[in-house]
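Taking it in order: structure first as structure tokens, then the write-up.
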Amino acid sequence: MDKLVTVADQFKPQGQLVSIQAFGNGNINDTFLVTLDSAAEKHFVLQRINTEVFRQPQLVMRNMCIFTQHVRDRLERCPLDSGRRWEVPRVLLTQDGCDRWLDPDGLCWRAISFIENSQCFDTIQNLEHAQEVGYALGMFHNLMSDLPPNRLADTLEGFHITPNYLQHYQQVLAKNQICPSPEVNYCRQFIDARQAWAHVLEDAKAAGKLPLRLMHGDPKINNVTIDSTTKQAIGMIDLDTVKPGLVHYDIGDCLRSGCNPLGEETQDWENVRFEPDLAQAVLQGYLAVAREFLTDRDCEYLYDAIRLIAFELGLRFFTDYLDGNVYFKVAYPEHNLCRAIVQFKLTESIEAQEQAIRNIVCDL
Ligand code: GN1
Ligand code: MG
């Protein structure tokens, strides 16, 4: 705790520290909410950037500064027609004007403003929430659609490149002694049966069918901030992976997390289901603000994107389980195996409803 106080002091805007509490459920960084007794700014968010994952935190912070400034400028020039609230977190600087602080142990810290009167949900609440989640992603894409993709650095090479995750999986299989169990066998067979198809988005990208754009990278539902009073979406947080990529990764991630009512941490595998009604609501919310830049070609690949990102996340969790949980934080040794099974069950449910999902996309 003393250590956290020292870290918070580096960034503290004004006022006395009241408390520092663990915040959110991130799988990579450590996040804390700092409370101050200040009239100006009552809270801010303190994060330790996991530099095993984000090896160049200076690029993460530079992207964040460029991106947030771009959106603020744009909203100032053209405020939202609807007059709706949209908030972009601010990067807080240290006393020396730096966007991050290295502690004496070499750990990398940053601070960002907290969006007051807002909340994030780990599971979808209802159809209105689904629509708001889609709106948030659409607005996010819309607001950065005029920022050239090459303005932002690649903060995490290979992120969402499914064939690379497959290759890594094969390497992990080869180097570890794998103890067979019904769960492990299920995962291995599940992956084997989908190896060839898993190239679908990268092949389309390489063939020039899908353009490189900017993406959020991690638009799962608990990264959408909802106004606590109006219940409307007011922003997206977790900007570490805002970088060039395919919007399909984002749409797929948003739907795989938003249309799984039990959430990704459930252990009730048999009841994991992808809900098409929720998908329709998410996509309607998305298109209400993003229709301009989605082409017919983009739409052709939406079903594959939804299926692929669920599969890919299952593959990433399972590989990490086999590799000794070196990437995602875990609460117990089989945690990543359980998470993998949830994503594979979700993928199965998506596959079983392929026609219904394709029809929703066609009718949009
Ligand atoms: C990780 O740390 P968090 O929870 O924001 C991961 C995402 C996964 C997500 C699954 C950089 O995000 O790709 O979809 O877990 N982020 C990174 O919950 O790998
Ligand atoms: Mg994240």
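Chain labels A, B, ... are given in the sequence in which chains occur in the structure tokens; within each chain residues are numbered consecutively from 1, and ligands are likewise numbered from 1 in the order shown.
Residues within 12 Å of Lys3 (chain A), counting only C-alpha atoms and excluding same-chain residues fewer than 3 positions away, are Thr6, Val7, Ala8, Asp9, Gln10, Ile20, Asp103, Pro104, Asp105, Leu107 and Trp109 of chain A.
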| field | Nearby polymer residues, ligand 2, at most 7 Å, only C-alpha atoms and all ligand atoms, as a ChimeraX atom specification | value | /A:26,28,218,238,240
Suppose we keep C-alpha atoms; can you now write the selection as a PDB file, in the first residue's frame?
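Result file part_0.pdb:
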ATOM      1  CA  GLY A  26      -8.274  -6.775 -16.392  1.00  0.00           C
ATOM      2  CA  ILE A  28      -3.091  -8.108 -18.219  1.00  0.00           C
ATOM      3  CA  ASP A 218     -10.176  -5.077 -27.057  1.00  0.00           C
ATOM      4  CA  ASP A 238      -8.618   0.415 -22.229  1.00  0.00           C
ATOM      5  CA  ASP A 240      -3.605  -0.012 -25.031  1.00  0.00           C
TER       6      ASP A 240
END
| request: Fewer than 5 positions away in the same chain doesn't count, so skip those; otherwise give me all residues within 9 Å of Asn25 (chain A), counting only C-alpha atoms, as a VMD selection string. | output: chain A and resid 30 to 31 122 222
C-alpha atoms of the current selection, written as a compact mmCIF listing (two decimals), in the first residue's frame:
# COMPACT_ATOMS: atom_id res chain seq x y z
CA ASP A 30 -2.93 -4.05 -12.67
CA THR A 31 -5.52 -1.32 -12.20
CA ASP A 122 -18.89 -7.81 -17.19
CA ASN A 222 -16.56 -4.29 -19.84
| field | For Pro163 (chain A): contacts at 8 Å, only C-alpha atoms, fewer than 3 positions along chain excluded, given as a ChimeraX atom specification | value | /A:166-167,198-199,202
Take the residues that were just selected and, keeping N, CA, C and O atoms, output them as a CSV table (one decimal), in the first residue's frame.
chain,number,residue,atom,x,y,z
A,166,LEU,N,-1.9,-19.9,-33.8
A,166,LEU,CA,-1.9,-21.3,-34.1
A,166,LEU,C,-0.5,-21.8,-34.1
A,166,LEU,O,-0.2,-22.9,-33.5
A,167,GLN,N,0.4,-21.0,-34.7
A,167,GLN,CA,1.8,-21.4,-34.7
A,167,GLN,C,2.4,-21.5,-33.3
A,167,GLN,O,3.1,-22.5,-32.9
A,198,ALA,N,-9.0,-21.1,-39.9
A,198,ALA,CA,-8.6,-20.0,-39.0
A,198,ALA,C,-7.8,-18.9,-39.7
A,198,ALA,O,-7.5,-17.9,-39.1
A,199,HIS,N,-7.4,-19.1,-41.0
A,199,HIS,CA,-6.7,-18.1,-41.8
A,199,HIS,C,-7.6,-17.1,-42.5
A,199,HIS,O,-7.1,-16.2,-43.1
A,202,GLU,N,-7.0,-13.2,-42.2
A,202,GLU,CA,-5.7,-12.8,-42.7
A,202,GLU,C,-5.6,-13.1,-44.2
A,202,GLU,O,-4.9,-12.2,-44.9
| task | Check every protein, DNA and RNA residue against ligand 1, keep those with an atom at most 10 Å away (counting only C-alpha atoms and all ligand atoms), and present them as a PyMOL selection string. | result | chain A and resi 24-31+50+53-54+122+155-156+159-160+217-223+237-241+250+253-254+256-257+263-265+309-310+312-314+316-317+327-329+339
| task | Mind the document's chain letters and residue numbers, and return as a ChimeraX atom specification the residues of region 8-177 of chain A that DSSP labels strand (DSSP E). | result | /A:17-22,30-36,43-49,91-92,101-102,108-113,118-119
| query | So which residues touch Lys42 (chain A) within 9 Å, counting only C-alpha atoms, skipping near sequence neighbours fewer than 6 positions away, as a ChimeraX atom specification? | reply | /A:15,34-36,114,116
| query | Quick one: of A:Thr68, A:Gln284, A:Thr229, A:Thr319, who's nearest to Phe140 (chain A), counting only C-alpha atoms? | reply |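 Answer, going by the shortest atom-to-atom distance: A:Thr68.
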| Excluding same-chain residues fewer than 6 positions from Tyr286 (chain A), what lies within 7 Å of it counting only C-alpha atoms, as a VMD selection string? | chain A and resid 134 to 135 137 to 138
| request: Please identify which residues in region 154-274 of chain A DSSP calls helix (DSSP H, G or I) from the backbone, and express them as a PyMOL selection string. | output: chain A and resi 162-175+182-192+197-206+221-223+247-258+269-271
Write out, as a Markdown table, each residue of region 194-305 of chain A that has an atom at most 7 Å from region 358-362 of chain A, together with the closest pair of atoms and their distance in Å to one decimal, counting only C-alpha atoms, rows going by chain and rising number.
| residue | atom | partner | partner_atom | distance |
| --- | --- | --- | --- | --- |
| A:Gln280 | CA | A:Ile360 | CA | 6.2 |
| A:Cys299 | CA | A:Val361 | CA | 6.8 |
| A:Tyr303 | CA | A:Arg358 | CA | 6.2 |
| Who sits within 12 Å of Arg72 (chain A), only C-alpha atoms, same chain under 5 positions skipped, as a list in words |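 Using only C-alpha atoms, the neighbours found are Cys65, Ile66, Phe67, Arg77, Cys78, Pro79, Leu80, Trp86, Glu87, Val88, Pro89, Arg90, Leu143 and Met144 of chain A.
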File of the preceding selection, N, CA and C atoms, as a PDB file, in the first residue's frame:
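As written to disk, again-v1.pdb reads:
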ATOM      1  N   CYS A  65      -1.916   9.277 -26.356  1.00  0.00           N
ATOM      2  CA  CYS A  65      -1.946  10.743 -26.401  1.00  0.00           C
ATOM      3  C   CYS A  65      -2.420  11.228 -27.770  1.00  0.00           C
ATOM      4  N   ILE A  66      -1.902  10.627 -28.841  1.00  0.00           N
ATOM      5  CA  ILE A  66      -2.294  11.061 -30.195  1.00  0.00           C
ATOM      6  C   ILE A  66      -3.793  10.808 -30.405  1.00  0.00           C
ATOM      7  N   PHE A  67      -4.206   9.603 -30.028  1.00  0.00           N
ATOM      8  CA  PHE A  67      -5.599   9.225 -30.270  1.00  0.00           C
ATOM      9  C   PHE A  67      -6.575  10.092 -29.466  1.00  0.00           C
ATOM     10  N   ARG A  77     -14.524  20.464 -32.798  1.00  0.00           N
ATOM     11  CA  ARG A  77     -14.893  20.998 -34.126  1.00  0.00           C
ATOM     12  C   ARG A  77     -16.325  20.628 -34.483  1.00  0.00           C
ATOM     13  N   CYS A  78     -16.669  19.352 -34.301  1.00  0.00           N
ATOM     14  CA  CYS A  78     -18.044  18.932 -34.632  1.00  0.00           C
ATOM     15  C   CYS A  78     -18.626  18.123 -33.491  1.00  0.00           C
ATOM     16  N   PRO A  79     -19.294  18.809 -32.569  1.00  0.00           N
ATOM     17  CA  PRO A  79     -19.918  18.089 -31.446  1.00  0.00           C
ATOM     18  C   PRO A  79     -20.947  17.077 -31.974  1.00  0.00           C
ATOM     19  N   LEU A  80     -21.220  16.039 -31.191  1.00  0.00           N
ATOM     20  CA  LEU A  80     -22.169  15.019 -31.634  1.00  0.00           C
ATOM     21  C   LEU A  80     -23.533  15.661 -31.869  1.00  0.00           C
ATOM     22  N   TRP A  86     -20.091  12.034 -24.570  1.00  0.00           N
ATOM     23  CA  TRP A  86     -19.029  11.100 -25.007  1.00  0.00           C
ATOM     24  C   TRP A  86     -17.740  11.543 -24.329  1.00  0.00           C
ATOM     25  N   GLU A  87     -17.139  10.667 -23.587  1.00  0.00           N
ATOM     26  CA  GLU A  87     -15.980  11.048 -22.774  1.00  0.00           C
ATOM     27  C   GLU A  87     -14.734  10.301 -23.222  1.00  0.00           C
ATOM     28  N   VAL A  88     -13.635  11.032 -23.275  1.00  0.00           N
ATOM     29  CA  VAL A  88     -12.355  10.419 -23.633  1.00  0.00           C
ATOM     30  C   VAL A  88     -11.418  10.594 -22.432  1.00  0.00           C
ATOM     31  N   PRO A  89     -10.866   9.505 -21.925  1.00  0.00           N
ATOM     32  CA  PRO A  89      -9.986   9.655 -20.757  1.00  0.00           C
ATOM     33  C   PRO A  89      -8.755  10.519 -21.079  1.00  0.00           C
ATOM     34  N   ARG A  90      -8.306  11.297 -20.083  1.00  0.00           N
ATOM     35  CA  ARG A  90      -7.092  12.124 -20.254  1.00  0.00           C
ATOM     36  C   ARG A  90      -5.904  11.401 -19.637  1.00  0.00           C
ATOM     37  N   LEU A 143     -15.197   8.065 -34.749  1.00  0.00           N
ATOM     38  CA  LEU A 143     -14.381   9.209 -34.297  1.00  0.00           C
ATOM     39  C   LEU A 143     -12.919   9.087 -34.715  1.00  0.00           C
ATOM     40  N   MET A 144     -12.479   7.877 -35.008  1.00  0.00           N
ATOM     41  CA  MET A 144     -11.075   7.788 -35.441  1.00  0.00           C
ATOM     42  C   MET A 144     -10.955   7.476 -36.930  1.00  0.00           C
TER      43      MET A 144
END
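Picture a line from CA of Ala111 (chain A) to CA of Ser145 (chain A); it runs 26.2 Å.
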| field | Shortest interatomic distance to Arg307 (chain A) - which of A:Gln131, A:Asn117, A:Asn260, A:Ser349, counting only C-alpha atoms | value |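 With only C-alpha atoms as the atom set, the closest residue is A:Ser349.
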| task | Just give me the gap between CA of His141 (chain A) and CA of Cys108 (chain A) in Å, one decimal is fine. | result |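 Taking CA of His141 (chain A) and CA of Cys108 (chain A), their separation equals 28.6 Å.
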| Restricting the calculation to only C-alpha atoms, which member of A:Met1, A:Cys338, A:Val133, A:Leu322 is positioned closest to Lys231 (chain A)? | A:Val133
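Minimum atom-to-atom distances from A:Gly235, A:Gly83, A:Gly245, A:Pro180 to Leu152 (chain A) were compared using only C-alpha atoms, and the lowest value belongs to A:Gly245.
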| said: Rounded to one decimal, what separation in Å do you get between CA of Val184 (chain A) and CA of Phe318 (chain A)? | reply: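 Straight-line distance from CA of Val184 (chain A) to CA of Phe318 (chain A) works out to 8.5 Å.
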